[in-house]
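Asker: So that we are looking at the same thing, I have put the structure below in structure tokens.
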There are 2 protein chains.
Amino acid sequence: MANEQEDRRIIRSKKLIKSAFIELINEKGFESLTVRDITKKADINRGTFYLHYEDKYDLLEQLENEMIDEMNRLVKEINPKEIADFRMQDEPLPFIVKILEYIGSNSLMKFLLGSKGHSSFQMKVKELMKTNVLLKRREEKMAIPIDYLMAYISSAHLGVIQHWLDGGQKEAPKDIAKILLEMSLFGPFSSAGFKER
Amino acid sequence: MANEQEDRRIIRSKKLIKSAFIELINEKGFESLTVRDITKKADINRGTFYLHYEDKYDLLEQLENEMIDEMNRLVKEINPKEIADFRMQDEPLPFIVKILEYIGSNSLMKFLLGSKGHSSFQMKVKELMKTNVLLKRREEKMAIPIDYLMAYISSAHLGVIQHWLDGGQKEAPKDIAKILLEMSLFGPFSSAGFKER
DNA sequence: TAAGATATTGAACAATATGTTGATTAATAA
DNA sequence: TTATTAATCAACATATTGTTCAATATCTTA
């Protein structure tokens with residue numbers, strides 16, 4: 001009976017490929033990296049690579065999607081109590097903390113979010129942040145289009161994360177989350193004068 | 001006597017190469033683009049390309065630097081009166097308007113800032129924005145590190161620009177500048193509680 | 001545990017891009 | 001006009017890519 005479960009050899013090969021890829025991307029970057037490099041480092045036949053991936057772009061995309069999935073999973077399993085604590089004041093946004101911890105512990109994420117990283121992946125991360133930012137209310141002046149507001153916030157947050165990474169993660173995720181929260185409270189997202197479009 | 005002025009043939013070749021490159025990058029993207037493609041489109045010998053550029057990465061970088069220089073030039077020639085008008089209220093930040101107009105009229109810029117664009121170029125643009133954002137004062141709560149503040153602002157602005165481009169430049173540069181200004185006024189950058197580091 | 005299924009290997013292949021060279025031709029500058 | 005130098009053309013070695021084949025190794029499951 002055909003099983004969804006993959007053959008152990010496949011799992012092994014993919015794991016070796018991914019590990020080699022992650023090691024190499026931090027050494028050579030993505031562009032100059034070849035399939036030969038990867039399979040040589042992984043110590044497998046080059047043909048095996050093409051058995052599982054179309055090319056290096058396909059491999060990168062699969063890894064990116066796995067990381068996005070993992071981040072979504074992390075966010076979903078946040079304890080409701082944590083969110084309550086946050087709303088009760090002074091606790092950093094638990095969503096941001098989880099994301100920061102994950103990013104900081106994942107070298108591929110760090111590379112892709114960096115200045116030599118991957119634009120389209122950065123977009124995916126921004127998208128993820130957009131759907132998870134908590135908006136607060138306020139009554140205010142001009143009606144800012146909600147989509148521009150979200151673009152503003154998510155980019156700002158990603159920018160702070162990049163700056164944090166560039167500086168070598170000197171601060172704890174919690175401290176960064178506090179900074180983001182602080183800026184949010186005085187920022188436009190604390191507004192309620194939104195304009196739906 | 002050796003003149004700094006370049007031979008007209010060199011100027012012509014470089015111009016043909018750049019034009020071909022800009023046309024092609026919007027069709028095929030940067031990665032799949034080859035030197036052959038470029039010289040074929042430019043209708044010059046492939047060897048001529050290597051006479052002026054190391055490879056396609058070198059070409060891209062030179063174009064990027066030229067655009068950054070041009071933006072700096074645009075910003076520098078802003079009339080002092082315009083800035084005064086801005087401070088007098090209700091005029092959008094002239095700096096932002098100039099930048100947006102330039103971006104909107106330059107297809108290479110639009111590509112590089114887009115989701116399939118070039119991370120490191122986006123960093124350069126952020127850097128440019130950092131050095132030109134006008135900070136306003138306020139007295140407030142927590143001391144936010146100035147570098148994080150700048151990272152926050154410049155990324156937010158770039159994110160708004162990207163969103164504007166993604167939407168097909170429906171709004172005029174002036175309107176986007178107004179949105180940015182509005183968000184700034186209620187944002188963290190209207191603060192003065194900075195912490196130098 | 002044995003048998004059948006299937007993933008991996010190694011070698012070879014054509015096709016393509018790269019970066020360089022040398023001789024020739026054409027355009028430019030003074 | 002003439003000396004300089006850029007552009008061209010052809011050719012080259014080198015490297016990567018993506019594919020195929022038969023042989024081998026490993027896994028699944030009955």
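So you can find residues: chains in the structure tokens are A, B, ... in the order shown, residues in each start at 1, and ligands are numbered from 1 in order.
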Among chain A, which ones does DSSP assign to strand (DSSP E) (computed from the backbone)? Answer as a PyMOL selection string.

Answerer: chain A and resi 144-145+194-195

Asker: Apply DSSP to the structure's backbone, then extract all residues of segment 122-176 of chain B labelled alpha helix (DSSP H) and return them as a ChimeraX atom specification.

Answerer: /B:122-130,146-166,173-176

Asker: I need the chain B residues near chain A as JSON, numbers by chain; criterion: at most 6 Å, counting only C-alpha atoms.

Answerer: {"B": [115, 116, 117, 119, 120, 151, 152, 155, 156, 159, 160, 183, 186, 187, 188]}

Asker: Would you write out those residues with N, CA and C atoms, as an mmCIF file, in the first residue's frame?

Answerer:
data_model
loop_
_atom_site.group_PDB
_atom_site.id
_atom_site.type_symbol
_atom_site.label_atom_id
_atom_site.label_comp_id
_atom_site.auth_asym_id
_atom_site.auth_seq_id
_atom_site.Cartn_x
_atom_site.Cartn_y
_atom_site.Cartn_z
ATOM 1 N N SER B 115 9.711 42.951 -5.389
ATOM 2 C CA SER B 115 9.842 41.722 -4.607
ATOM 3 C C SER B 115 10.870 40.771 -5.221
ATOM 4 N N LYS B 116 11.173 40.943 -6.510
ATOM 5 C CA LYS B 116 12.233 40.135 -7.100
ATOM 6 C C LYS B 116 13.492 40.979 -7.263
ATOM 7 N N GLY B 117 13.575 42.029 -6.480
ATOM 8 C CA GLY B 117 14.650 42.995 -6.613
ATOM 9 C C GLY B 117 15.951 42.582 -5.950
ATOM 10 N N SER B 119 18.313 42.952 -2.717
ATOM 11 C CA SER B 119 18.398 43.307 -1.300
ATOM 12 C C SER B 119 19.430 44.382 -1.008
ATOM 13 N N SER B 120 20.611 44.208 -1.548
ATOM 14 C CA SER B 120 21.679 45.121 -1.144
ATOM 15 C C SER B 120 21.445 46.514 -1.710
ATOM 16 N N ALA B 151 16.461 52.856 11.727
ATOM 17 C CA ALA B 151 16.192 51.618 10.985
ATOM 18 C C ALA B 151 14.693 51.443 10.796
ATOM 19 N N TYR B 152 13.984 51.768 11.854
ATOM 20 C CA TYR B 152 12.525 51.659 11.823
ATOM 21 C C TYR B 152 11.931 52.572 10.751
ATOM 22 N N SER B 155 13.088 51.835 6.964
ATOM 23 C CA SER B 155 12.464 50.626 6.435
ATOM 24 C C SER B 155 10.980 50.831 6.190
ATOM 25 N N ALA B 156 10.360 51.524 7.103
ATOM 26 C CA ALA B 156 8.933 51.800 6.944
ATOM 27 C C ALA B 156 8.695 52.580 5.658
ATOM 28 N N GLY B 159 9.172 50.442 2.678
ATOM 29 C CA GLY B 159 8.031 49.531 2.565
ATOM 30 C C GLY B 159 6.830 50.206 1.926
ATOM 31 N N VAL B 160 6.606 51.453 2.280
ATOM 32 C CA VAL B 160 5.495 52.206 1.682
ATOM 33 C C VAL B 160 5.755 52.412 0.184
ATOM 34 N N MET B 183 2.128 59.821 8.997
ATOM 35 C CA MET B 183 2.514 58.733 9.894
ATOM 36 C C MET B 183 3.697 59.148 10.755
ATOM 37 N N PHE B 186 2.759 61.268 13.903
ATOM 38 C CA PHE B 186 2.241 60.526 15.042
ATOM 39 C C PHE B 186 3.134 59.349 15.384
ATOM 40 N N GLY B 187 4.223 59.275 14.695
ATOM 41 C CA GLY B 187 5.099 58.136 14.883
ATOM 42 C C GLY B 187 6.209 58.422 15.851
ATOM 43 N N PRO B 188 7.046 57.434 16.044
ATOM 44 C CA PRO B 188 8.128 57.515 17.024
ATOM 45 C C PRO B 188 9.162 58.580 16.671
#

Asker: Using only C-alpha atoms (C1' of nucleotides) and a distance of at most 12 Å, pull out the residues of chain B that contact chain C, as a PDB file with N, CA, C and O atoms, in the first residue's frame.

Answerer:
ATOM      1  N   MET B   1      48.156  64.143 -24.704  1.00  0.00           N
ATOM      2  CA  MET B   1      47.873  64.286 -23.256  1.00  0.00           C
ATOM      3  C   MET B   1      46.641  63.445 -22.861  1.00  0.00           C
ATOM      4  O   MET B   1      45.581  63.527 -23.479  1.00  0.00           O
ATOM      5  N   ALA B   2      46.807  62.648 -21.850  1.00  0.00           N
ATOM      6  CA  ALA B   2      45.698  61.790 -21.424  1.00  0.00           C
ATOM      7  C   ALA B   2      44.555  62.612 -20.845  1.00  0.00           C
ATOM      8  O   ALA B   2      44.762  63.426 -19.957  1.00  0.00           O
ATOM      9  N   ASN B   3      43.403  62.397 -21.404  1.00  0.00           N
ATOM     10  CA  ASN B   3      42.245  63.163 -20.967  1.00  0.00           C
ATOM     11  C   ASN B   3      41.307  62.275 -20.141  1.00  0.00           C
ATOM     12  O   ASN B   3      41.163  61.101 -20.416  1.00  0.00           O
ATOM     13  N   GLN B   5      38.253  62.575 -20.185  1.00  0.00           N
ATOM     14  CA  GLN B   5      37.136  62.340 -21.089  1.00  0.00           C
ATOM     15  C   GLN B   5      37.272  60.990 -21.787  1.00  0.00           C
ATOM     16  O   GLN B   5      38.334  60.652 -22.290  1.00  0.00           O
ATOM     17  N   GLU B   6      36.192  60.250 -21.839  1.00  0.00           N
ATOM     18  CA  GLU B   6      36.243  58.934 -22.463  1.00  0.00           C
ATOM     19  C   GLU B   6      36.010  59.007 -23.968  1.00  0.00           C
ATOM     20  O   GLU B   6      35.319  59.879 -24.470  1.00  0.00           O
ATOM     21  N   ASP B   7      36.607  58.117 -24.630  1.00  0.00           N
ATOM     22  CA  ASP B   7      36.396  57.935 -26.070  1.00  0.00           C
ATOM     23  C   ASP B   7      34.902  57.795 -26.380  1.00  0.00           C
ATOM     24  O   ASP B   7      34.184  57.119 -25.655  1.00  0.00           O
ATOM     25  N   ARG B   8      34.494  58.396 -27.492  1.00  0.00           N
ATOM     26  CA  ARG B   8      33.065  58.336 -27.838  1.00  0.00           C
ATOM     27  C   ARG B   8      32.605  56.900 -28.076  1.00  0.00           C
ATOM     28  O   ARG B   8      31.440  56.555 -27.837  1.00  0.00           O
ATOM     29  N   ARG B   9      33.519  56.077 -28.553  1.00  0.00           N
ATOM     30  CA  ARG B   9      33.153  54.675 -28.778  1.00  0.00           C
ATOM     31  C   ARG B   9      32.831  53.975 -27.464  1.00  0.00           C
ATOM     32  O   ARG B   9      31.898  53.162 -27.379  1.00  0.00           O
ATOM     33  N   ILE B  10      33.604  54.321 -26.436  1.00  0.00           N
ATOM     34  CA  ILE B  10      33.349  53.719 -25.122  1.00  0.00           C
ATOM     35  C   ILE B  10      31.994  54.149 -24.587  1.00  0.00           C
ATOM     36  O   ILE B  10      31.210  53.336 -24.080  1.00  0.00           O
ATOM     37  N   ARG B  12      29.476  55.131 -26.274  1.00  0.00           N
ATOM     38  CA  ARG B  12      28.425  54.477 -27.058  1.00  0.00           C
ATOM     39  C   ARG B  12      28.217  53.029 -26.596  1.00  0.00           C
ATOM     40  O   ARG B  12      27.083  52.593 -26.363  1.00  0.00           O
ATOM     41  N   SER B  32      18.623  34.916 -14.477  1.00  0.00           N
ATOM     42  CA  SER B  32      18.659  34.134 -15.713  1.00  0.00           C
ATOM     43  C   SER B  32      19.258  34.930 -16.873  1.00  0.00           C
ATOM     44  O   SER B  32      19.388  34.423 -17.976  1.00  0.00           O
ATOM     45  N   LEU B  33      19.598  36.150 -16.600  1.00  0.00           N
ATOM     46  CA  LEU B  33      20.181  37.011 -17.632  1.00  0.00           C
ATOM     47  C   LEU B  33      21.664  36.681 -17.822  1.00  0.00           C
ATOM     48  O   LEU B  33      22.406  36.554 -16.861  1.00  0.00           O
ATOM     49  N   THR B  34      22.081  36.527 -19.092  1.00  0.00           N
ATOM     50  CA  THR B  34      23.482  36.223 -19.358  1.00  0.00           C
ATOM     51  C   THR B  34      24.142  37.380 -20.093  1.00  0.00           C
ATOM     52  O   THR B  34      23.475  38.241 -20.654  1.00  0.00           O
ATOM     53  N   VAL B  35      25.462  37.364 -20.071  1.00  0.00           N
ATOM     54  CA  VAL B  35      26.216  38.382 -20.789  1.00  0.00           C
ATOM     55  C   VAL B  35      25.921  38.280 -22.289  1.00  0.00           C
ATOM     56  O   VAL B  35      25.832  39.297 -22.988  1.00  0.00           O
ATOM     57  N   ARG B  36      25.746  37.076 -22.759  1.00  0.00           N
ATOM     58  CA  ARG B  36      25.382  36.867 -24.168  1.00  0.00           C
ATOM     59  C   ARG B  36      24.095  37.591 -24.520  1.00  0.00           C
ATOM     60  O   ARG B  36      23.998  38.278 -25.537  1.00  0.00           O
ATOM     61  N   ASP B  37      23.077  37.392 -23.654  1.00  0.00           N
ATOM     62  CA  ASP B  37      21.789  38.058 -23.868  1.00  0.00           C
ATOM     63  C   ASP B  37      21.978  39.561 -24.043  1.00  0.00           C
ATOM     64  O   ASP B  37      21.433  40.178 -24.953  1.00  0.00           O
ATOM     65  N   ARG B  46      30.577  40.320 -27.781  1.00  0.00           N
ATOM     66  CA  ARG B  46      30.613  39.925 -26.371  1.00  0.00           C
ATOM     67  C   ARG B  46      31.910  40.376 -25.707  1.00  0.00           C
ATOM     68  O   ARG B  46      31.942  40.748 -24.537  1.00  0.00           O
ATOM     69  N   GLY B  47      32.988  40.325 -26.482  1.00  0.00           N
ATOM     70  CA  GLY B  47      34.270  40.767 -25.942  1.00  0.00           C
ATOM     71  C   GLY B  47      34.251  42.223 -25.495  1.00  0.00           C
ATOM     72  O   GLY B  47      34.941  42.593 -24.545  1.00  0.00           O
ATOM     73  N   PHE B  49      31.903  43.756 -24.067  1.00  0.00           N
ATOM     74  CA  PHE B  49      31.342  43.827 -22.719  1.00  0.00           C
ATOM     75  C   PHE B  49      32.457  43.699 -21.683  1.00  0.00           C
ATOM     76  O   PHE B  49      32.566  44.509 -20.756  1.00  0.00           O
ATOM     77  N   TYR B  50      33.289  42.682 -21.892  1.00  0.00           N
ATOM     78  CA  TYR B  50      34.353  42.407 -20.919  1.00  0.00           C
ATOM     79  C   TYR B  50      35.441  43.473 -20.932  1.00  0.00           C
ATOM     80  O   TYR B  50      36.282  43.531 -20.046  1.00  0.00           O
ATOM     81  N   LEU B  51      35.408  44.309 -21.956  1.00  0.00           N
ATOM     82  CA  LEU B  51      36.351  45.425 -21.999  1.00  0.00           C
ATOM     83  C   LEU B  51      35.977  46.499 -20.969  1.00  0.00           C
ATOM     84  O   LEU B  51      36.824  47.257 -20.504  1.00  0.00           O
ATOM     85  N   TYR B  53      33.259  45.871 -18.330  1.00  0.00           N
ATOM     86  CA  TYR B  53      32.721  45.355 -17.072  1.00  0.00           C
ATOM     87  C   TYR B  53      33.306  43.974 -16.787  1.00  0.00           C
ATOM     88  O   TYR B  53      33.568  43.205 -17.707  1.00  0.00           O
ATOM     89  N   GLU B  54      33.484  43.703 -15.519  1.00  0.00           N
ATOM     90  CA  GLU B  54      33.997  42.380 -15.135  1.00  0.00           C
ATOM     91  C   GLU B  54      32.988  41.286 -15.450  1.00  0.00           C
ATOM     92  O   GLU B  54      33.320  40.250 -15.991  1.00  0.00           O
ATOM     93  N   ASP B  55      31.759  41.521 -15.068  1.00  0.00           N
ATOM     94  CA  ASP B  55      30.673  40.567 -15.306  1.00  0.00           C
ATOM     95  C   ASP B  55      29.353  41.296 -15.074  1.00  0.00           C
ATOM     96  O   ASP B  55      29.339  42.496 -14.846  1.00  0.00           O
ATOM     97  N   LYS B  56      28.279  40.558 -15.118  1.00  0.00           N
ATOM     98  CA  LYS B  56      26.975  41.216 -15.000  1.00  0.00           C
ATOM     99  C   LYS B  56      26.767  41.818 -13.606  1.00  0.00           C
ATOM    100  O   LYS B  56      26.015  42.781 -13.460  1.00  0.00           O
TER     101      LYS B  56
END

Asker: Go through A:Ile11, A:Ile99, A:Glu23, A:Glu77 and flag the residue nearest chain D, using only C-alpha atoms (C1' of nucleotides) for the distances.

Answerer: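 That would be A:Ile11, the residue with the smallest distance to chain D.
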
Asker: Taking only C-alpha atoms (C1' of nucleotides) into account, produce a table as a Markdown table in which each residue of chain D with an atom at most 7 Å from an atom of chain B appears once, together with its shortest atom pair and the distance in Å to one decimal, ordered by chain and rising number.

Answerer:
| residue | atom | partner | partner_atom | distance |
| --- | --- | --- | --- | --- |
| D:DA6 | C1' | B:Arg9 | CA | 6.6 |
| D:DA7 | C1' | B:Thr48 | CA | 6.6 |
| D:DT8 | C1' | B:Asn45 | CA | 6.5 |

Asker: Within 12 Å of Asn72 of chain A, counting only C-alpha atoms (C1' of nucleotides), which residues show up once you throw out same-chain ones fewer than 3 positions away? Write them as a list in words, please.

Answerer: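 My list of contacting residues is Asn65, Glu66, Met67, Ile68, Asp69, Val75, Lys76, Glu77, Ile78, Phe95, Ile96, Lys98, Ile99, Tyr102, Lys124, Val125, Glu127, Leu128, Met129, Thr131 and Asn132 of chain A.
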
Asker: Any chance you could export the current selection's N, CA, C and O atoms as a short mmCIF file (atom, residue, chain, number, x, y, z; two decimals), in the first residue's frame?

Answerer:
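Final output, saved to result-v2.cif:
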data_model
loop_
_atom_site.label_atom_id
_atom_site.label_comp_id
_atom_site.auth_asym_id
_atom_site.auth_seq_id
_atom_site.Cartn_x
_atom_site.Cartn_y
_atom_site.Cartn_z
N ASN A 65 9.80 28.17 2.24
CA ASN A 65 8.43 27.83 2.60
C ASN A 65 8.37 27.06 3.92
O ASN A 65 7.48 27.28 4.74
N GLU A 66 9.33 26.18 4.12
CA GLU A 66 9.36 25.43 5.38
C GLU A 66 9.55 26.38 6.57
O GLU A 66 8.93 26.21 7.62
N MET A 67 10.40 27.38 6.37
CA MET A 67 10.64 28.33 7.48
C MET A 67 9.41 29.19 7.74
O MET A 67 9.07 29.46 8.89
N ILE A 68 8.75 29.61 6.68
CA ILE A 68 7.52 30.38 6.86
C ILE A 68 6.47 29.53 7.59
O ILE A 68 5.82 30.00 8.52
N ASP A 69 6.35 28.28 7.17
CA ASP A 69 5.41 27.38 7.84
C ASP A 69 5.74 27.25 9.32
O ASP A 69 4.86 27.30 10.18
N VAL A 75 3.67 30.86 15.89
CA VAL A 75 2.74 31.92 16.26
C VAL A 75 1.41 31.32 16.73
O VAL A 75 0.81 31.78 17.71
N LYS A 76 0.98 30.27 16.03
CA LYS A 76 -0.33 29.69 16.34
C LYS A 76 -0.35 29.05 17.73
O LYS A 76 -1.39 28.98 18.37
N GLU A 77 0.81 28.57 18.17
CA GLU A 77 0.80 27.86 19.44
C GLU A 77 1.08 28.78 20.63
O GLU A 77 1.35 28.31 21.73
N ILE A 78 1.02 30.08 20.38
CA ILE A 78 1.20 31.00 21.50
C ILE A 78 0.02 30.86 22.46
O ILE A 78 -1.13 30.85 22.07
N PHE A 95 4.07 37.50 20.05
CA PHE A 95 4.27 37.14 18.64
C PHE A 95 5.65 37.56 18.16
O PHE A 95 6.40 36.77 17.57
N ILE A 96 6.01 38.78 18.44
CA ILE A 96 7.31 39.28 17.99
C ILE A 96 8.45 38.53 18.66
O ILE A 96 9.46 38.19 18.02
N LYS A 98 8.54 35.46 19.78
CA LYS A 98 8.68 34.13 19.18
C LYS A 98 9.42 34.22 17.83
O LYS A 98 10.33 33.43 17.55
N ILE A 99 9.01 35.15 17.03
CA ILE A 99 9.62 35.31 15.70
C ILE A 99 11.10 35.65 15.83
O ILE A 99 11.96 35.09 15.14
N TYR A 102 13.21 32.72 16.90
CA TYR A 102 13.40 31.77 15.81
C TYR A 102 14.43 32.28 14.80
O TYR A 102 15.36 31.57 14.42
N LYS A 124 7.88 37.73 1.99
CA LYS A 124 7.06 36.72 2.67
C LYS A 124 7.04 36.96 4.17
O LYS A 124 6.00 36.82 4.83
N VAL A 125 8.19 37.32 4.71
CA VAL A 125 8.25 37.58 6.16
C VAL A 125 7.41 38.80 6.51
O VAL A 125 6.69 38.81 7.51
N GLU A 127 4.84 39.81 4.95
CA GLU A 127 3.43 39.38 4.83
C GLU A 127 2.98 38.70 6.11
O GLU A 127 1.90 38.96 6.63
N LEU A 128 3.84 37.84 6.62
CA LEU A 128 3.54 37.14 7.86
C LEU A 128 3.34 38.13 9.01
O LEU A 128 2.44 37.97 9.83
N MET A 129 4.18 39.14 9.04
CA MET A 129 4.06 40.13 10.13
C MET A 129 2.78 40.93 9.99
O MET A 129 2.11 41.22 10.98
N THR A 131 -0.04 40.00 8.98
CA THR A 131 -1.22 39.28 9.43
C THR A 131 -1.20 39.03 10.93
O THR A 131 -2.14 38.45 11.46
N ASN A 132 -0.15 39.45 11.58
CA ASN A 132 -0.06 39.18 13.02
C ASN A 132 0.13 40.40 13.91
O ASN A 132 0.12 40.28 15.13
#
